Amino acid sequence: MLKGDRLALARLMSIVEDRLDAVSAIMRDIYPLTGKAYRLGITGPPGAGKSTVIDKLIGILRGKKKRVGVIAVDPSSPFTGGAVLGDRIRMQSHSLDENVYIRSLGTRGSHGGLSQSTRDAVSLLDAFGNDCIIIETVGVGQTELNIASQADTTVVVLVPESGDTIQAMKAGLMEIADIFVVNKGDREGAEEIAEELREISEESSNEGDEWKTPVFITHATEGLGIDKLYDAIFLHKEYLEKNGIGEVRRKEGRKREFVELVMEEVKKTINALEGRGKLSRYLKKVENGTMSPHEAALNVLKRVKPS
């Protein structure tokens, strides 16, 4: 993979997605080669045209000779656990470009919309030598705000019909959005939604903030407005680098990943205890009132700790 073998990269992606035992060793070995790529998060409700926006952004990036990796996070099939939407289909114009690598991953039941396999897949694309990695998430909501912990810049894509979404998710949207896009701008109501977003951005901004969340109207299928969006994305990139905010965000992201990995291992241990019937014994004592929940929990955690 480090020699540029795309088949090797695909095999490693499969190992990561299937959460095989080799994942930790792979991540450890490639870690010194990561941290160089710029990570762009694209999120928004289904049907907003996120994949089309990404397709046009890839075209601009390739025009600037940038190597691009894309992780499209799809809803998982309840039967196979695999991705079911297949965003790669909507980016076919770049499928034969050896400097573009697109991979769909399933959420695998992750409530945050981004499973641990997504983080690891991004690391693989980083070590592979991509200049920009685009992460597209399933939708937008309070449970999906962790896109901000994985991306340097987060773009929230909405459509003119997103009025209810904006009201319901106002706080969450402002928490994650560095840039707003109202796509399908040829539809009625695009200007009104854009103005509403500008007002929300203004209300949530503090006096002296150097970055005011901008709002753009695009018509991605026609390529309209994408140039301005691209310019804003990389203006934000420069802003992050200039103020050191980008490194602060990455530190927070690494800390969050560490905690999540620890919790993942704890869950594995608890599941193993349950499989051997030991957890159910504690549960029965708690249910019967013969042992306090605190005492039972401490007993379980003693088994989680290394001897």
# chains A, B, ... in the order shown; residues from 1 in each chain; ligands from 1
>>> residues_around(residues="A:Gln116", least_positions_apart="5", cutoff="12 Å", atoms="only C-alpha atoms", output="MDAnalysis selection string")
chainID A and resid 16:19 23:24 27 73 105:111 121:123 146:147 150 256:265
>>> write_last_selection(atoms="N, CA and C atoms", output="PDB file, in the first residue's frame")
ATOM      1  N   VAL A  16     -10.048  -3.191   7.838  1.00  0.00           N
ATOM      2  CA  VAL A  16     -10.498  -2.136   8.748  1.00  0.00           C
ATOM      3  C   VAL A  16     -12.018  -2.170   8.906  1.00  0.00           C
ATOM      4  N   GLU A  17     -12.740  -2.316   7.802  1.00  0.00           N
ATOM      5  CA  GLU A  17     -14.197  -2.311   7.863  1.00  0.00           C
ATOM      6  C   GLU A  17     -14.734  -3.527   8.604  1.00  0.00           C
ATOM      7  N   ASP A  18     -14.068  -4.665   8.454  1.00  0.00           N
ATOM      8  CA  ASP A  18     -14.512  -5.889   9.120  1.00  0.00           C
ATOM      9  C   ASP A  18     -14.025  -5.985  10.562  1.00  0.00           C
ATOM     10  N   ARG A  19     -13.210  -4.978  11.003  1.00  0.00           N
ATOM     11  CA  ARG A  19     -12.683  -4.907  12.371  1.00  0.00           C
ATOM     12  C   ARG A  19     -11.958  -6.187  12.758  1.00  0.00           C
ATOM     13  N   VAL A  23      -6.209  -4.891  12.786  1.00  0.00           N
ATOM     14  CA  VAL A  23      -6.412  -3.441  12.634  1.00  0.00           C
ATOM     15  C   VAL A  23      -5.459  -2.636  13.513  1.00  0.00           C
ATOM     16  N   SER A  24      -5.340  -3.000  14.779  1.00  0.00           N
ATOM     17  CA  SER A  24      -4.497  -2.227  15.702  1.00  0.00           C
ATOM     18  C   SER A  24      -3.049  -2.179  15.238  1.00  0.00           C
ATOM     19  N   MET A  27      -2.789   0.146  12.128  1.00  0.00           N
ATOM     20  CA  MET A  27      -2.875   1.561  12.508  1.00  0.00           C
ATOM     21  C   MET A  27      -1.598   2.031  13.205  1.00  0.00           C
ATOM     22  N   VAL A  73     -19.844   7.496   3.786  1.00  0.00           N
ATOM     23  CA  VAL A  73     -20.442   6.684   4.848  1.00  0.00           C
ATOM     24  C   VAL A  73     -21.918   6.492   4.557  1.00  0.00           C
ATOM     25  N   LEU A 105     -18.393   3.088   3.000  1.00  0.00           N
ATOM     26  CA  LEU A 105     -18.353   2.317   4.237  1.00  0.00           C
ATOM     27  C   LEU A 105     -19.714   2.366   4.903  1.00  0.00           C
ATOM     28  N   GLY A 106     -20.093   1.286   5.581  1.00  0.00           N
ATOM     29  CA  GLY A 106     -21.350   1.274   6.322  1.00  0.00           C
ATOM     30  C   GLY A 106     -21.160   1.875   7.702  1.00  0.00           C
ATOM     31  N   THR A 107     -22.252   2.404   8.271  1.00  0.00           N
ATOM     32  CA  THR A 107     -22.160   2.970   9.624  1.00  0.00           C
ATOM     33  C   THR A 107     -22.034   1.872  10.668  1.00  0.00           C
ATOM     34  N   ARG A 108     -22.429   0.646  10.308  1.00  0.00           N
ATOM     35  CA  ARG A 108     -22.353  -0.492  11.221  1.00  0.00           C
ATOM     36  C   ARG A 108     -23.035  -0.204  12.560  1.00  0.00           C
ATOM     37  N   GLY A 109     -24.139   0.523  12.492  1.00  0.00           N
ATOM     38  CA  GLY A 109     -24.899   0.779  13.720  1.00  0.00           C
ATOM     39  C   GLY A 109     -24.346   1.894  14.573  1.00  0.00           C
ATOM     40  N   SER A 110     -23.324   2.590  14.118  1.00  0.00           N
ATOM     41  CA  SER A 110     -22.765   3.682  14.909  1.00  0.00           C
ATOM     42  C   SER A 110     -23.764   4.821  14.989  1.00  0.00           C
ATOM     43  N   HIS A 111     -24.106   5.245  16.218  1.00  0.00           N
ATOM     44  CA  HIS A 111     -25.097   6.303  16.385  1.00  0.00           C
ATOM     45  C   HIS A 111     -24.561   7.647  15.931  1.00  0.00           C
ATOM     46  N   ALA A 121     -10.098   4.214   8.164  1.00  0.00           N
ATOM     47  CA  ALA A 121     -10.046   4.316   6.700  1.00  0.00           C
ATOM     48  C   ALA A 121      -9.441   5.650   6.278  1.00  0.00           C
ATOM     49  N   VAL A 122      -9.781   6.717   6.989  1.00  0.00           N
ATOM     50  CA  VAL A 122      -9.195   8.029   6.712  1.00  0.00           C
ATOM     51  C   VAL A 122      -7.679   7.989   6.929  1.00  0.00           C
ATOM     52  N   SER A 123      -7.244   7.304   7.975  1.00  0.00           N
ATOM     53  CA  SER A 123      -5.807   7.173   8.244  1.00  0.00           C
ATOM     54  C   SER A 123      -5.101   6.425   7.114  1.00  0.00           C
ATOM     55  N   ASN A 146     -20.319  14.173  15.521  1.00  0.00           N
ATOM     56  CA  ASN A 146     -18.902  13.822  15.622  1.00  0.00           C
ATOM     57  C   ASN A 146     -18.154  13.936  14.304  1.00  0.00           C
ATOM     58  N   ILE A 147     -18.822  14.309  13.212  1.00  0.00           N
ATOM     59  CA  ILE A 147     -18.113  14.607  11.973  1.00  0.00           C
ATOM     60  C   ILE A 147     -17.087  15.705  12.229  1.00  0.00           C
ATOM     61  N   GLN A 150     -13.593  14.689  13.219  1.00  0.00           N
ATOM     62  CA  GLN A 150     -12.769  13.994  12.236  1.00  0.00           C
ATOM     63  C   GLN A 150     -12.338  14.878  11.079  1.00  0.00           C
ATOM     64  N   ARG A 256     -10.538  12.165  21.518  1.00  0.00           N
ATOM     65  CA  ARG A 256     -11.839  11.498  21.408  1.00  0.00           C
ATOM     66  C   ARG A 256     -11.679  10.086  20.864  1.00  0.00           C
ATOM     67  N   GLU A 257     -10.816   9.919  19.871  1.00  0.00           N
ATOM     68  CA  GLU A 257     -10.599   8.589  19.298  1.00  0.00           C
ATOM     69  C   GLU A 257     -10.029   7.644  20.348  1.00  0.00           C
ATOM     70  N   PHE A 258      -9.075   8.127  21.149  1.00  0.00           N
ATOM     71  CA  PHE A 258      -8.479   7.306  22.209  1.00  0.00           C
ATOM     72  C   PHE A 258      -9.548   6.800  23.177  1.00  0.00           C
ATOM     73  N   VAL A 259     -10.406   7.719  23.640  1.00  0.00           N
ATOM     74  CA  VAL A 259     -11.452   7.348  24.588  1.00  0.00           C
ATOM     75  C   VAL A 259     -12.411   6.337  23.960  1.00  0.00           C
ATOM     76  N   GLU A 260     -12.781   6.568  22.686  1.00  0.00           N
ATOM     77  CA  GLU A 260     -13.714   5.663  22.019  1.00  0.00           C
ATOM     78  C   GLU A 260     -13.118   4.268  21.828  1.00  0.00           C
ATOM     79  N   LEU A 261     -11.806   4.218  21.539  1.00  0.00           N
ATOM     80  CA  LEU A 261     -11.147   2.915  21.383  1.00  0.00           C
ATOM     81  C   LEU A 261     -11.102   2.156  22.706  1.00  0.00           C
ATOM     82  N   VAL A 262     -10.826   2.881  23.785  1.00  0.00           N
ATOM     83  CA  VAL A 262     -10.825   2.245  25.103  1.00  0.00           C
ATOM     84  C   VAL A 262     -12.210   1.680  25.407  1.00  0.00           C
ATOM     85  N   MET A 263     -13.250   2.479  25.137  1.00  0.00           N
ATOM     86  CA  MET A 263     -14.612   2.023  25.389  1.00  0.00           C
ATOM     87  C   MET A 263     -14.970   0.827  24.511  1.00  0.00           C
ATOM     88  N   GLU A 264     -14.453   0.822  23.288  1.00  0.00           N
ATOM     89  CA  GLU A 264     -14.709  -0.296  22.384  1.00  0.00           C
ATOM     90  C   GLU A 264     -14.130  -1.585  22.948  1.00  0.00           C
ATOM     91  N   GLU A 265     -12.908  -1.491  23.501  1.00  0.00           N
ATOM     92  CA  GLU A 265     -12.270  -2.676  24.085  1.00  0.00           C
ATOM     93  C   GLU A 265     -12.991  -3.127  25.354  1.00  0.00           C
TER      94      GLU A 265
END
>>> residues_around(residues="A:Ala296", least_positions_apart="2", cutoff="12 Å", atoms="only C-alpha atoms", output="ChimeraX atom specification")
/A:278-287,289-294,298-303
>>> closest_residue(among="A:Lys267, A:Arg103, A:Lys50, A:Lys184", to="A:Glu222", atoms="only C-alpha atoms")
A:Lys184
>>> atom_distance(atom1="atom CA of A:Phe216", atom2="atom CA of A:Val159")
11.2 Å
>>> select_by_dssp(residues="stretch 125-295 of chain A", states="strand (DSSP E)", output="list in words")
Cys132, Ile133, Ile134, Ile135, Glu136, Thr153, Thr154, Val155, Val156, Val157, Leu158, Ile179, Phe180, Val181, Val182, Val215, Phe216 and Ile217 of chain A
>>> atom_distance(atom1="atom CA of A:Asn130", atom2="atom CA of A:Arg67")
4.8 Å
>>> atom_distance(atom1="atom CA of A:Arg249", atom2="atom CA of A:Ser162")
28.3 Å
>>> select_by_dssp(residues="stretch 135-248 of chain A", states="alpha helix (DSSP H)", output="ChimeraX atom specification")
/A:163-168,170-176,190-204,226-243,245-248
>>> residues_around(residues="A:Ala151", least_positions_apart="6", cutoff="10 Å", atoms="only C-alpha atoms", output="ChimeraX atom specification")
/A:38-42,122,133-135,176,246,249-250,253
>>> write_last_selection(atoms="N, CA and C atoms", output="tab-separated table (two decimals), in the first residue's frame")
chain	number	residue	atom	x	y	z
A	38	TYR	N	-5.40	17.03	4.26
A	38	TYR	CA	-6.46	17.94	4.69
A	38	TYR	C	-7.77	17.17	4.62
A	39	ARG	N	-8.56	17.23	5.70
A	39	ARG	CA	-9.77	16.42	5.81
A	39	ARG	C	-11.00	17.33	5.73
A	40	LEU	N	-11.82	17.05	4.75
A	40	LEU	CA	-13.02	17.85	4.51
A	40	LEU	C	-14.26	17.02	4.78
A	41	GLY	N	-15.09	17.45	5.72
A	41	GLY	CA	-16.33	16.76	6.03
A	41	GLY	C	-17.50	17.37	5.29
A	42	ILE	N	-18.31	16.54	4.66
A	42	ILE	CA	-19.52	16.99	3.96
A	42	ILE	C	-20.70	16.25	4.57
A	122	VAL	N	-9.78	6.72	6.99
A	122	VAL	CA	-9.20	8.03	6.71
A	122	VAL	C	-7.68	7.99	6.93
A	133	ILE	N	-8.75	14.47	1.82
A	133	ILE	CA	-9.65	13.35	2.09
A	133	ILE	C	-11.02	13.92	2.41
A	134	ILE	N	-12.01	13.51	1.63
A	134	ILE	CA	-13.38	13.99	1.81
A	134	ILE	C	-14.19	12.91	2.50
A	135	ILE	N	-14.86	13.28	3.60
A	135	ILE	CA	-15.68	12.34	4.35
A	135	ILE	C	-17.13	12.77	4.20
A	176	ILE	N	-21.38	22.37	14.28
A	176	ILE	CA	-20.48	21.65	13.37
A	176	ILE	C	-20.15	22.40	12.09
A	246	GLY	N	-6.57	24.68	13.81
A	246	GLY	CA	-6.59	23.37	13.18
A	246	GLY	C	-5.92	22.31	14.04
A	249	ARG	N	-8.09	21.42	17.02
A	249	ARG	CA	-9.16	20.49	16.62
A	249	ARG	C	-8.62	19.07	16.48
A	250	ARG	N	-7.45	18.95	15.90
A	250	ARG	CA	-6.90	17.60	15.71
A	250	ARG	C	-6.54	16.95	17.06
A	253	GLY	N	-9.69	15.68	18.42
A	253	GLY	CA	-10.08	14.49	17.67
A	253	GLY	C	-9.31	13.26	18.10
>>> closest_residue(among="A:Arg276, A:Arg254, A:His94, A:Lys36", to="A:Ile54", atoms="only C-alpha atoms")
A:His94
